[in-house]
file work.cif (mmCIF, C-alpha atoms)
data_coords
#
loop_
_atom_site.label_atom_id
_atom_site.label_comp_id
_atom_site.auth_asym_id
_atom_site.auth_seq_id
_atom_site.Cartn_x
_atom_site.Cartn_y
_atom_site.Cartn_z
CA MET U 1 62.21 43.29 -34.60
CA THR U 2 58.65 42.97 -35.92
CA ARG U 3 57.78 40.64 -33.05
CA TYR U 4 58.46 43.45 -30.55
CA THR U 5 56.89 46.36 -32.45
CA ARG U 6 54.34 47.20 -29.76
CA GLN U 7 56.99 46.92 -27.07
CA ILE U 8 59.55 49.04 -28.95
CA GLN U 9 56.96 51.77 -29.30
CA LEU U 10 57.12 52.05 -25.52
CA ILE U 11 60.76 51.34 -24.62
CA GLY U 12 62.69 52.00 -27.85
CA SER U 13 64.90 49.78 -30.00
CA GLU U 14 68.03 50.31 -27.88
CA ASN U 15 66.28 49.01 -24.78
CA GLN U 16 64.93 46.07 -26.77
CA ALA U 17 68.51 45.26 -27.70
CA LYS U 18 69.38 45.35 -23.98
CA LEU U 19 66.73 42.74 -23.30
CA HIS U 20 68.10 40.58 -26.09
CA ARG U 21 71.57 40.69 -24.52
CA ALA U 22 70.26 39.92 -21.03
CA ARG U 23 70.73 36.63 -19.19
CA VAL U 24 68.14 35.79 -16.51
CA LEU U 25 68.07 32.72 -14.27
CA VAL U 26 64.71 31.52 -12.91
CA VAL U 27 64.94 29.19 -9.90
CA GLY U 28 61.77 27.13 -9.60
CA VAL U 29 59.51 26.27 -12.55
CA GLY U 30 56.23 26.23 -10.63
CA GLY U 31 53.32 28.56 -9.92
CA LEU U 32 55.60 31.61 -9.94
CA GLY U 33 58.27 30.40 -12.35
CA CYS U 34 55.89 29.54 -15.19
CA PRO U 35 54.40 33.04 -15.63
CA VAL U 36 57.81 34.63 -15.07
CA LEU U 37 59.34 32.49 -17.83
CA GLU U 38 56.44 33.05 -20.24
CA LEU U 39 56.61 36.81 -19.84
CA LEU U 40 60.39 37.14 -20.04
CA CYS U 41 60.50 34.87 -23.06
CA SER U 42 57.77 36.89 -24.76
CA ALA U 43 59.54 40.15 -23.92
CA GLY U 44 62.66 38.99 -25.76
CA ILE U 45 65.14 38.12 -23.03
CA GLY U 46 68.13 36.67 -24.88
CA THR U 47 69.07 33.86 -22.47
CA LEU U 48 66.87 32.17 -19.87
CA GLY U 49 68.13 29.64 -17.33
CA LEU U 50 65.73 27.23 -15.63
CA VAL U 51 66.52 25.49 -12.33
CA ASP U 52 64.15 22.75 -11.11
CA PHE U 53 64.71 19.08 -10.27
CA ASP U 54 61.01 18.21 -10.14
CA LYS U 55 58.68 16.40 -12.52
CA VAL U 56 55.23 17.58 -13.60
CA GLU U 57 52.42 16.37 -11.34
CA LEU U 58 48.69 16.44 -12.07
CA HIS U 59 48.08 18.88 -9.21
CA ASN U 60 50.52 21.34 -10.85
CA LEU U 61 48.36 21.90 -13.93
CA HIS U 62 45.80 24.30 -12.43
CA ARG U 63 48.44 27.01 -11.96
CA GLN U 64 51.55 26.02 -13.93
CA PHE U 65 50.40 26.94 -17.41
CA LEU U 66 53.47 25.71 -19.29
CA PHE U 67 52.39 22.11 -18.66
CA ALA U 68 49.60 19.87 -20.01
CA GLU U 69 48.15 16.51 -18.98
CA LYS U 70 50.45 14.62 -21.33
CA ASP U 71 53.47 16.10 -19.53
CA VAL U 72 52.78 14.45 -16.17
CA GLN U 73 55.92 12.70 -14.85
CA GLN U 74 58.14 14.55 -17.33
CA LEU U 75 60.94 16.87 -16.15
CA LYS U 76 59.59 20.39 -15.70
CA THR U 77 62.67 22.02 -17.21
CA ALA U 78 62.47 19.94 -20.40
CA VAL U 79 58.75 20.50 -20.92
CA ALA U 80 59.00 24.22 -20.15
CA VAL U 81 61.79 24.76 -22.66
CA GLU U 82 59.82 22.96 -25.36
CA ARG U 83 56.83 25.26 -24.80
CA LEU U 84 58.92 28.40 -24.56
CA GLN U 85 60.92 27.63 -27.69
CA ALA U 86 57.65 27.34 -29.59
CA ARG U 87 56.84 30.84 -28.38
CA ASN U 88 60.22 32.43 -29.14
CA SER U 89 62.88 30.55 -31.09
CA ASP U 90 65.36 33.42 -30.69
CA THR U 91 65.76 32.89 -26.96
CA ILE U 92 68.60 30.66 -25.71
CA PHE U 93 67.60 28.27 -22.93
CA ARG U 94 69.84 26.59 -20.38
CA THR U 95 68.42 23.97 -18.03
CA TYR U 96 69.60 22.76 -14.63
CA PRO U 97 67.34 19.78 -13.77
CA TYR U 98 68.69 19.22 -10.27
CA SER U 99 68.51 20.70 -6.79
CA LEU U 100 70.33 23.89 -5.96
CA SER U 101 73.01 23.19 -3.35
CA THR U 102 76.02 24.76 -1.65
CA GLN U 103 78.16 22.75 -4.07
CA ASN U 104 76.66 24.02 -7.34
CA VAL U 105 74.96 27.36 -6.62
CA PHE U 106 77.86 29.59 -7.69
CA ALA U 107 78.52 27.65 -10.89
CA ILE U 108 74.84 27.93 -11.82
CA ILE U 109 74.30 31.65 -11.18
CA ASP U 110 77.65 32.69 -12.64
CA GLY U 111 77.19 34.77 -15.79
CA TYR U 112 73.55 35.70 -15.24
CA ASP U 113 72.54 39.35 -14.95
CA ILE U 114 69.54 38.71 -12.69
CA VAL U 115 68.27 35.75 -10.67
CA VAL U 116 64.54 35.27 -9.96
CA ASP U 117 63.59 33.37 -6.81
CA CYS U 118 60.41 31.42 -7.58
CA THR U 119 60.92 28.75 -4.90
CA ASP U 120 58.86 27.87 -1.83
CA ASN U 121 61.73 26.47 0.20
CA PHE U 122 63.39 28.54 2.91
CA THR U 123 66.66 26.60 2.78
CA VAL U 124 67.03 27.42 -0.92
CA ARG U 125 65.93 31.03 -0.41
CA TYR U 126 68.66 31.75 2.12
CA LEU U 127 71.25 29.86 0.08
CA LEU U 128 70.29 31.72 -3.10
CA SER U 129 70.26 35.07 -1.31
CA ASP U 130 73.72 34.53 0.19
CA ALA U 131 75.22 33.38 -3.11
CA CYS U 132 73.71 36.28 -5.08
CA ALA U 133 74.89 38.77 -2.44
CA ILE U 134 78.45 37.44 -2.69
CA MET U 135 78.32 37.53 -6.50
CA GLY U 136 76.66 40.96 -6.54
CA THR U 137 73.80 39.59 -8.64
CA PRO U 138 70.35 41.23 -8.34
CA LEU U 139 67.73 38.85 -6.94
CA VAL U 140 63.99 39.29 -7.57
CA TYR U 141 62.03 37.56 -4.81
CA GLY U 142 58.42 36.39 -4.75
CA ALA U 143 56.37 34.35 -2.29
CA LEU U 144 52.77 33.20 -1.84
CA TYR U 145 50.50 32.51 1.10
CA HIS U 146 46.80 31.75 0.67
CA TYR U 147 45.32 34.84 -1.05
CA GLU U 148 48.39 37.01 -0.57
CA GLY U 149 51.74 37.44 -2.25
CA GLN U 150 54.89 39.44 -1.73
CA VAL U 151 57.65 40.76 -3.98
CA SER U 152 60.98 42.48 -3.36
CA VAL U 153 64.34 43.11 -5.03
CA PHE U 154 67.68 42.38 -3.36
CA ASN U 155 71.37 43.11 -4.04
CA VAL U 156 70.72 46.34 -5.93
CA LYS U 157 72.44 49.52 -4.74
CA LYS U 158 70.13 52.39 -3.92
CA ASP U 159 70.63 55.34 -1.56
CA GLY U 160 74.23 54.20 -1.13
CA TYR U 161 73.64 50.67 0.14
CA THR U 162 72.27 47.24 -0.77
CA THR U 163 69.92 44.90 1.10
CA THR U 164 69.40 41.13 1.01
CA TYR U 165 66.78 38.57 1.95
CA ARG U 166 68.45 38.29 5.37
CA ASP U 167 67.90 42.00 5.97
CA LEU U 168 64.18 41.47 5.42
CA PHE U 169 63.95 38.11 7.21
CA PRO U 170 66.95 37.71 9.56
CA THR U 171 65.50 34.55 11.13
CA PRO U 172 63.71 31.77 9.25
CA PRO U 173 60.35 30.58 10.60
CA GLN U 174 59.79 27.18 12.13
CA PRO U 175 58.82 24.61 9.45
CA GLU U 176 55.23 24.39 10.70
CA GLU U 177 54.73 28.18 10.81
CA VAL U 178 54.68 28.85 7.06
CA PRO U 179 53.28 25.96 4.97
CA THR U 180 54.08 25.62 1.29
CA CYS U 181 51.46 26.03 -1.44
CA ASN U 182 51.15 22.24 -1.50
CA GLU U 183 50.04 22.33 2.12
CA ALA U 184 48.17 25.66 2.37
CA GLY U 185 46.61 25.70 -1.10
CA ILE U 186 46.80 28.41 -3.75
CA LEU U 187 44.66 29.85 -6.52
CA PRO U 188 46.13 30.13 -10.03
CA THR U 189 45.12 33.80 -10.15
CA VAL U 190 47.27 34.58 -7.09
CA SER U 191 50.43 32.80 -8.25
CA SER U 192 50.04 34.27 -11.73
CA MET U 193 49.68 37.85 -10.46
CA ILE U 194 52.75 37.61 -8.23
CA GLY U 195 54.74 36.02 -11.06
CA HIS U 196 53.73 38.91 -13.31
CA LEU U 197 54.97 41.40 -10.73
CA GLN U 198 58.31 39.58 -10.48
CA ALA U 199 58.74 39.62 -14.25
CA ASN U 200 57.93 43.32 -14.27
CA GLU U 201 60.69 43.97 -11.72
CA VAL U 202 63.15 42.07 -13.91
CA LEU U 203 62.29 44.21 -16.93
CA LYS U 204 62.59 47.43 -14.92
CA LEU U 205 66.04 46.39 -13.66
CA LEU U 206 67.24 45.52 -17.14
CA LEU U 207 65.93 48.82 -18.51
CA GLY U 208 67.76 50.80 -15.83
CA LYS U 209 64.69 51.92 -13.87
CA VAL U 210 66.22 51.10 -10.48
CA ASP U 211 64.50 53.99 -8.72
CA ASP U 212 61.14 52.49 -9.66
CA CYS U 213 62.02 48.98 -8.46
CA LEU U 214 61.13 47.39 -5.13
CA VAL U 215 64.63 47.89 -3.71
CA HIS U 216 64.66 48.11 0.12
CA THR U 217 60.88 47.62 -0.20
CA LEU U 218 58.57 44.66 0.35
CA LEU U 219 55.34 44.79 -1.62
CA LEU U 220 52.43 42.92 -0.02
CA PHE U 221 49.47 42.24 -2.30
CA ASN U 222 46.13 41.01 -0.92
CA THR U 223 44.29 39.66 -3.94
CA GLN U 224 40.92 39.53 -2.15
CA THR U 225 40.81 43.20 -1.20
CA TYR U 226 43.32 44.48 -3.78
CA GLN U 227 45.16 46.16 -0.94
CA LEU U 228 48.77 46.97 -1.77
CA THR U 229 51.12 47.61 1.12
CA LYS U 230 54.73 48.71 0.83
CA ILE U 231 57.06 48.05 3.76
CA LYS U 232 60.45 49.74 3.80
CA TYR U 233 63.41 47.90 5.32
CA CYS U 234 67.07 48.74 5.69
CA LYS U 235 70.48 47.14 6.09
CA MET U 236 70.75 44.95 9.19
CA ASN U 237 73.84 43.71 10.98
CA THR U 238 73.04 40.10 10.16
CA SER U 239 75.55 37.28 10.18
CA SER U 240 75.89 35.45 6.88
CA PRO U 241 78.54 33.67 4.79
CA GLN U 242 80.81 36.14 3.02
CA THR U 243 82.70 33.84 0.61
CA PRO U 244 81.87 30.81 -1.56
CA LYS U 245 83.93 28.67 0.80
CA GLU U 246 81.87 29.84 3.78
CA VAL U 247 78.66 29.09 1.87
CA GLU U 248 79.93 25.59 1.13
CA GLY U 249 80.47 24.97 4.83
CA TYR U 250 77.27 26.62 6.04
CA ASN U 251 74.54 24.34 7.42
CA TYR U 252 71.44 25.81 5.76
CA PRO U 253 69.07 22.98 6.82
CA ALA U 254 70.02 23.48 10.46
CA PHE U 255 69.69 27.27 10.15
CA CYS U 256 66.19 26.73 8.78
CA HIS U 257 65.35 24.40 11.69
CA GLN U 258 65.70 21.20 9.67
CA THR U 259 67.65 18.77 11.81
CA GLU U 260 70.13 16.66 9.87
CA GLY U 261 69.14 13.04 9.63
CA GLU U 262 65.41 13.56 10.14
CA GLU U 263 64.49 13.44 6.46
CA LEU U 264 64.73 10.81 3.75
CA HIS U 265 65.47 12.44 0.40
CA SER U 266 64.86 9.70 -2.17
CA VAL U 267 62.64 6.71 -2.88
CA GLU U 268 65.74 4.53 -2.60
CA ASP U 269 66.43 5.86 0.90
CA LEU U 270 62.83 5.17 1.87
CA GLN U 271 62.98 1.65 0.43
CA ALA U 272 66.09 0.91 2.48
CA PHE U 273 64.45 2.36 5.59
CA LEU U 274 61.32 0.24 5.16
CA ALA U 275 63.42 -2.87 4.50
CA GLN U 276 64.32 -2.83 8.18
CA GLU U 277 62.44 -5.20 10.43
CA ASN U 278 59.39 -3.76 12.17
CA SER U 279 59.18 -0.60 10.05
CA VAL U 280 56.18 1.35 8.82
CA LEU U 281 55.31 4.19 6.42
CA VAL U 282 52.63 6.49 7.85
CA ASP U 283 50.53 8.66 5.51
CA VAL U 284 49.43 11.70 7.56
CA ARG U 285 47.29 13.24 4.85
CA GLU U 286 43.55 13.46 5.48
CA ALA U 287 41.48 10.42 4.51
CA ASP U 288 39.92 12.12 1.48
CA GLU U 289 43.23 13.22 -0.09
CA MET U 290 44.00 11.39 -3.33
CA PRO U 291 45.60 9.51 -4.89
CA LYS U 292 46.56 6.86 -2.38
CA ILE U 293 50.14 5.61 -2.05
CA ASN U 294 50.59 2.29 -3.84
CA LEU U 295 54.34 1.93 -4.32
CA PHE U 296 54.67 0.93 -0.65
CA LYS U 297 52.17 -0.26 1.91
CA ALA U 298 51.23 2.71 4.08
CA LEU U 299 49.36 3.10 7.34
CA GLU U 300 46.84 5.93 7.01
CA LEU U 301 46.86 8.09 10.15
CA PRO U 302 45.84 11.73 9.50
CA LEU U 303 47.83 14.35 11.34
CA SER U 304 44.60 15.67 12.87
CA GLU U 305 44.05 12.28 14.54
CA LEU U 306 47.65 11.58 15.53
CA PRO U 307 47.44 13.12 19.04
CA THR U 308 44.72 10.64 20.00
CA GLN U 309 45.75 7.65 17.87
CA TRP U 310 49.53 7.61 18.25
CA GLU U 311 49.53 4.39 20.28
CA GLN U 312 48.98 2.52 17.00
CA LEU U 313 52.65 3.21 16.30
CA LYS U 314 54.06 1.83 19.55
CA THR U 315 54.60 -1.63 18.06
CA TYR U 316 56.93 -0.30 15.34
CA ASP U 317 60.64 0.45 15.72
CA HIS U 318 61.23 2.40 12.49
CA ILE U 319 58.56 4.97 11.51
CA CYS U 320 58.57 7.28 8.50
CA PHE U 321 55.87 9.92 7.98
CA VAL U 322 54.78 11.18 4.56
CA CYS U 323 52.38 13.90 3.37
CA VAL U 324 52.20 16.16 0.30
CA ALA U 325 55.44 18.10 0.54
CA GLY U 326 57.01 17.33 3.89
CA VAL U 327 55.38 19.97 6.11
CA ARG U 328 52.75 17.86 7.86
CA SER U 329 55.09 14.88 7.99
CA MET U 330 57.62 17.04 9.88
CA LYS U 331 54.87 18.13 12.28
CA ALA U 332 54.03 14.47 12.82
CA LEU U 333 57.69 13.65 13.41
CA ARG U 334 58.07 16.40 16.00
CA PHE U 335 54.96 15.22 17.84
CA ALA U 336 56.14 11.59 17.68
CA LYS U 337 59.47 12.62 19.19
CA GLU U 338 57.60 13.68 22.31
CA VAL U 339 55.71 10.41 22.78
CA LEU U 340 57.92 7.89 20.93
CA ALA U 341 61.36 9.31 21.60
CA GLU U 342 62.99 5.87 21.63
CA LYS U 343 61.86 5.09 18.06
CA ASP U 344 63.73 5.66 14.78
CA LEU U 345 61.66 8.50 13.29
CA LYS U 346 61.90 10.01 9.78
CA SER U 347 60.01 12.30 7.42
CA PHE U 348 59.90 11.62 3.66
CA LYS U 349 60.83 14.91 2.00
CA LEU U 350 59.62 14.20 -1.55
CA GLY U 351 56.01 13.63 -0.52
CA PHE U 352 53.41 11.12 -1.65
CA SER U 353 53.52 11.90 -5.38
CA SER U 354 56.79 10.00 -5.84
CA LEU U 355 55.19 6.96 -4.21
CA VAL U 356 52.30 6.62 -6.67
CA LYS U 357 52.70 4.31 -9.64
#
call {"tool": "encode", "arguments": {"input": "work.cif", "output": "structure tokens"}}
result
Amino acid sequence: MTRYTRQIQLIGSENQAKLHRARVLVVGVGGLGCPVLELLCSAGIGTLGLVDFDKVELHNLHRQFLFAEKDVQQLKTAVAVERLQARNSDTIFRTYPYSLSTQNVFAIIDGYDIVVDCTDNFTVRYLLSDACAIMGTPLVYGALYHYEGQVSVFNVKKDGYTTTYRDLFPTPPQPEEVPTCNEAGILPTVSSMIGHLQANEVLKLLLGKVDDCLVHTLLLFNTQTYQLTKIKYCKMNTSSPQTPKEVEGYNYPAFCHQTEGEELHSVEDLQAFLAQENSVLVDVREADEMPKINLFKALELPLSELPTQWEQLKTYDHICFVCVAGVRSMKALRFAKEVLAEKDLKSFKLGFSSLVK
């Protein structure tokens, strides 16, 4: 227990033993997930689960402190565990290097005491919230936007009732309304601070300090002004899946305004799409965004210029748009549907990074 001497002075040895017995699942090993994992590992959480299908990219390094330059193109879960094990060899790590889906979500979260939502994907957020609500598993939520962040705690009983992500956000936004960090940008200080707050909520839950947690409360933190705002919310009569079987049959992409069939989800799917006669890949990033796509030939047509330059696409029958993380490419697709409705239009979900050698 020498490692935790300073901590035990504050919380006591019995509470330290509680942390050692705890099992926490972190979904998303990115700007939020990295500080959450580092802190929970350092605090002595006995078992940590890591869910992330992605590989390390160079643009991750400025805020995802578990990764180094040599880790680029390596699986995030594998690299993160290696770093965390070097920090605390007593912690047990379980990795899930694939996407969370309606088919696997219950098997993954089963057995964990708390789940931490460190994603930036609304489809996954609603899926994770529904599954945790059905399982009765506390969910610690965090999100980022420019210089602001937000934190809340779901599925914890307080004042005689529990609340979920759907109670706070009954309706998901349109895809273009809330860009991801890849599209909107983020400072490492902001993602780190919000990740620290999430980890703090996890520790408070495990130590039984429910009354001090952000239950039925959304914390908004403006990092420029240091303004902290707490918004209370209550149980809503929202419609949501109530059983694992209902979750399995629920169309989360459609609920989150992602029309089935509009996105290509793998490089293989894109290759097959571009193999069709008279097809084109359109890079809608701005001209100065690097690196350039070199795995396939791409037509560069920034989204900002698309409304005046769209006629360049009239000669193609099959058109796929690509950007950083699928937000601008979906905007381009929706615009193209208005002027090129007769064309076969797609958006490449994985973004440009998977198309760079």
call {"tool": "closest_residue", "arguments": {"input": "work.cif", "among": "U:Glu268, U:Asp71, U:Asp167, U:Glu14", "to": "U:Ala133", "atoms": "only C-alpha atoms"}}
result
U:Asp167
call {"tool": "closest_residue", "arguments": {"input": "work.cif", "among": "U:Tyr112, U:Tyr250, U:Trp310, U:Phe321", "to": "U:Leu340", "atoms": "only C-alpha atoms"}}
result
U:Trp310
call {"tool": "residues_around", "arguments": {"input": "work.cif", "residues": "U:Gln227", "least_positions_apart": "4", "cutoff": "12 Å", "atoms": "all atoms listed in the file", "output": "ChimeraX atom specification"}}
result
/U:147-150,219-223
call {"tool": "resolve_selection", "arguments": {"input": "work.cif", "expression": "the PyMOL selection byres ((chain U and resi 128) around 12)", "output": "ChimeraX atom specification"}}
result
/U:25-28,51,99-106,108-109,114-119,121-127,129-141,154-155,164-166,241,244,247,252
call {"tool": "resolve_selection", "arguments": {"input": "work.cif", "expression": "the PyMOL selection byres ((chain U and resi 35) around 9)", "output": "PyMOL selection string"}}
result
chain U and resi 30-34+36-40+64-66+191-196+199
call {"tool": "write_last_selection", "arguments": {"input": "work.cif", "atoms": "C-alpha atoms", "output": "short mmCIF file (atom, residue, chain, number, x, y, z; two decimals), in the coordinates of the input"}}
result
data_model
loop_
_atom_site.label_atom_id
_atom_site.label_comp_id
_atom_site.auth_asym_id
_atom_site.auth_seq_id
_atom_site.Cartn_x
_atom_site.Cartn_y
_atom_site.Cartn_z
CA GLY U 30 56.23 26.23 -10.63
CA GLY U 31 53.32 28.56 -9.92
CA LEU U 32 55.60 31.61 -9.94
CA GLY U 33 58.27 30.40 -12.35
CA CYS U 34 55.89 29.54 -15.19
CA VAL U 36 57.81 34.63 -15.07
CA LEU U 37 59.34 32.49 -17.83
CA GLU U 38 56.44 33.05 -20.24
CA LEU U 39 56.61 36.81 -19.84
CA LEU U 40 60.39 37.14 -20.04
CA GLN U 64 51.55 26.02 -13.93
CA PHE U 65 50.40 26.94 -17.41
CA LEU U 66 53.47 25.71 -19.29
CA SER U 191 50.43 32.80 -8.25
CA SER U 192 50.04 34.27 -11.73
CA MET U 193 49.68 37.85 -10.46
CA ILE U 194 52.75 37.61 -8.23
CA GLY U 195 54.74 36.02 -11.06
CA HIS U 196 53.73 38.91 -13.31
CA ALA U 199 58.74 39.62 -14.25
#
call {"tool": "atom_distance", "arguments": {"input": "work.cif", "atom1": "atom CA of U:Asp52", "atom2": "atom CA of U:Thr95"}}
result
8.2 Å
call {"tool": "resolve_selection", "arguments": {"input": "work.cif", "expression": "the PyMOL selection byres ((chain U and resi 323) around 8)", "output": "number ranges by chain"}}
result
U: 283-285, 321-322, 324-329, 348, 351-352
call {"tool": "closest_residue", "arguments": {"input": "work.cif", "among": "U:Gln74, U:Glu262, U:Arg63, U:Asp269", "to": "U:Lys337", "atoms": "all atoms listed in the file"}}
result
U:Glu262
call {"tool": "atom_distance", "arguments": {"input": "work.cif", "atom1": "atom CA of U:Pro253", "atom2": "atom CA of U:Glu300"}}
result
28.0 Å
call {"tool": "closest_residue", "arguments": {"input": "work.cif", "among": "U:Ile231, U:Asn200, U:Gln258, U:Val356", "to": "U:Leu168", "atoms": "all atoms listed in the file"}}
result
U:Ile231
call {"tool": "closest_residue", "arguments": {"input": "work.cif", "among": "U:Cys234, U:Arg334, U:His62, U:Pro97", "to": "U:Ile186", "atoms": "all atoms listed in the file"}}
result
U:His62
call {"tool": "atom_distance", "arguments": {"input": "work.cif", "atom1": "atom CA of U:Tyr226", "atom2": "atom CA of U:Pro172"}}
result
27.3 Å
call {"tool": "closest_residue", "arguments": {"input": "work.cif", "among": "U:Val24, U:Val215, U:Val280, U:Leu205", "to": "U:Ala298", "atoms": "all atoms listed in the file"}}
result
U:Val280
call {"tool": "residues_around", "arguments": {"input": "work.cif", "residues": "stretch 2-13 of chain U", "least_positions_apart": "4", "cutoff": "10 Å", "atoms": "all atoms listed in the file", "output": "VMD selection string"}}
result
chain U and resid 17 to 19 42 to 44 88 207
call {"tool": "residues_near_point", "arguments": {"input": "work.cif", "point": "(54.2, 3.4, 18.8)", "cutoff": "10 Å", "atoms": "only C-alpha atoms", "output": "PyMOL selection string"}}
result
chain U and resi 309-319+336+339-343
call {"tool": "axis_aligned_box", "arguments": {"input": "work.cif", "around": "stretch 58-68 of chain U", "padding_each_side": "5 Å", "output": "JSON"}}
result
{"center_x": 49.6, "center_y": 21.7, "center_z": -14.6, "size_x": 17.7, "size_y": 20.6, "size_z": 20.8}
call {"tool": "residues_around", "arguments": {"input": "work.cif", "residues": "U:Asp211", "least_positions_apart": "5", "cutoff": "12 Å", "atoms": "only C-alpha atoms", "output": "MDAnalysis selection string"}}
result
chainID U and resid 153 156:159 201 204:205 216:217
call {"tool": "decode", "arguments": {"input": "work.cif", "residues": "stretch 253-268 of chain U", "atoms": "N, CA, C and O atoms", "output": "PDB file, in the first residue's frame"}}
result
ATOM      1  N   PRO U 253     -28.344   4.653 -35.884  1.00  0.00           N
ATOM      2  CA  PRO U 253     -27.928   5.617 -36.921  1.00  0.00           C
ATOM      3  C   PRO U 253     -29.088   6.464 -37.431  1.00  0.00           C
ATOM      4  O   PRO U 253     -28.947   7.678 -37.605  1.00  0.00           O
ATOM      5  N   ALA U 254     -30.235   5.837 -37.660  1.00  0.00           N
ATOM      6  CA  ALA U 254     -31.391   6.595 -38.147  1.00  0.00           C
ATOM      7  C   ALA U 254     -31.879   7.575 -37.084  1.00  0.00           C
ATOM      8  O   ALA U 254     -32.243   8.713 -37.397  1.00  0.00           O
ATOM      9  N   PHE U 255     -31.901   7.144 -35.816  1.00  0.00           N
ATOM     10  CA  PHE U 255     -32.321   8.024 -34.731  1.00  0.00           C
ATOM     11  C   PHE U 255     -31.422   9.246 -34.649  1.00  0.00           C
ATOM     12  O   PHE U 255     -31.884  10.357 -34.339  1.00  0.00           O
ATOM     13  N   CYS U 256     -30.135   9.053 -34.931  1.00  0.00           N
ATOM     14  CA  CYS U 256     -29.168  10.150 -34.895  1.00  0.00           C
ATOM     15  C   CYS U 256     -29.011  10.818 -36.253  1.00  0.00           C
ATOM     16  O   CYS U 256     -27.969  11.431 -36.548  1.00  0.00           O
ATOM     17  N   HIS U 257     -30.018  10.660 -37.103  1.00  0.00           N
ATOM     18  CA  HIS U 257     -30.091  11.333 -38.410  1.00  0.00           C
ATOM     19  C   HIS U 257     -29.004  10.874 -39.374  1.00  0.00           C
ATOM     20  O   HIS U 257     -28.560  11.643 -40.222  1.00  0.00           O
ATOM     21  N   GLN U 258     -28.577   9.633 -39.243  1.00  0.00           N
ATOM     22  CA  GLN U 258     -27.616   9.065 -40.186  1.00  0.00           C
ATOM     23  C   GLN U 258     -28.352   8.043 -41.049  1.00  0.00           C
ATOM     24  O   GLN U 258     -28.642   6.935 -40.598  1.00  0.00           O
ATOM     25  N   THR U 259     -28.670   8.421 -42.253  1.00  0.00           N
ATOM     26  CA  THR U 259     -29.441   7.557 -43.136  1.00  0.00           C
ATOM     27  C   THR U 259     -28.637   6.336 -43.538  1.00  0.00           C
ATOM     28  O   THR U 259     -27.479   6.440 -43.944  1.00  0.00           O
ATOM     29  N   GLU U 260     -29.245   5.168 -43.404  1.00  0.00           N
ATOM     30  CA  GLU U 260     -28.580   3.923 -43.784  1.00  0.00           C
ATOM     31  C   GLU U 260     -28.185   3.969 -45.256  1.00  0.00           C
ATOM     32  O   GLU U 260     -28.941   4.420 -46.109  1.00  0.00           O
ATOM     33  N   GLY U 261     -27.007   3.496 -45.542  1.00  0.00           N
ATOM     34  CA  GLY U 261     -26.569   3.407 -46.924  1.00  0.00           C
ATOM     35  C   GLY U 261     -25.839   4.627 -47.440  1.00  0.00           C
ATOM     36  O   GLY U 261     -25.307   4.609 -48.543  1.00  0.00           O
ATOM     37  N   GLU U 262     -25.777   5.694 -46.637  1.00  0.00           N
ATOM     38  CA  GLU U 262     -25.104   6.906 -47.095  1.00  0.00           C
ATOM     39  C   GLU U 262     -23.610   6.880 -46.817  1.00  0.00           C
ATOM     40  O   GLU U 262     -22.873   7.661 -47.399  1.00  0.00           O
ATOM     41  N   GLU U 263     -23.166   6.008 -45.917  1.00  0.00           N
ATOM     42  CA  GLU U 263     -21.764   6.012 -45.521  1.00  0.00           C
ATOM     43  C   GLU U 263     -21.057   4.725 -45.934  1.00  0.00           C
ATOM     44  O   GLU U 263     -21.657   3.639 -45.920  1.00  0.00           O
ATOM     45  N   LEU U 264     -19.780   4.863 -46.265  1.00  0.00           N
ATOM     46  CA  LEU U 264     -18.906   3.723 -46.481  1.00  0.00           C
ATOM     47  C   LEU U 264     -18.034   3.587 -45.232  1.00  0.00           C
ATOM     48  O   LEU U 264     -17.441   4.568 -44.776  1.00  0.00           O
ATOM     49  N   HIS U 265     -17.947   2.371 -44.698  1.00  0.00           N
ATOM     50  CA  HIS U 265     -17.350   2.188 -43.371  1.00  0.00           C
ATOM     51  C   HIS U 265     -15.966   1.548 -43.385  1.00  0.00           C
ATOM     52  O   HIS U 265     -15.393   1.332 -42.319  1.00  0.00           O
ATOM     53  N   SER U 266     -15.424   1.243 -44.541  1.00  0.00           N
ATOM     54  CA  SER U 266     -14.094   0.627 -44.586  1.00  0.00           C
ATOM     55  C   SER U 266     -13.392   1.012 -45.874  1.00  0.00           C
ATOM     56  O   SER U 266     -14.028   1.425 -46.868  1.00  0.00           O
ATOM     57  N   VAL U 267     -12.072   0.864 -45.864  1.00  0.00           N
ATOM     58  CA  VAL U 267     -11.285   1.141 -47.070  1.00  0.00           C
ATOM     59  C   VAL U 267     -11.675   0.172 -48.186  1.00  0.00           C
ATOM     60  O   VAL U 267     -11.713   0.538 -49.364  1.00  0.00           O
ATOM     61  N   GLU U 268     -12.007  -1.060 -47.793  1.00  0.00           N
ATOM     62  CA  GLU U 268     -12.416  -2.059 -48.785  1.00  0.00           C
ATOM     63  C   GLU U 268     -13.720  -1.648 -49.466  1.00  0.00           C
ATOM     64  O   GLU U 268     -13.872  -1.789 -50.682  1.00  0.00           O
TER      65      GLU U 268
END
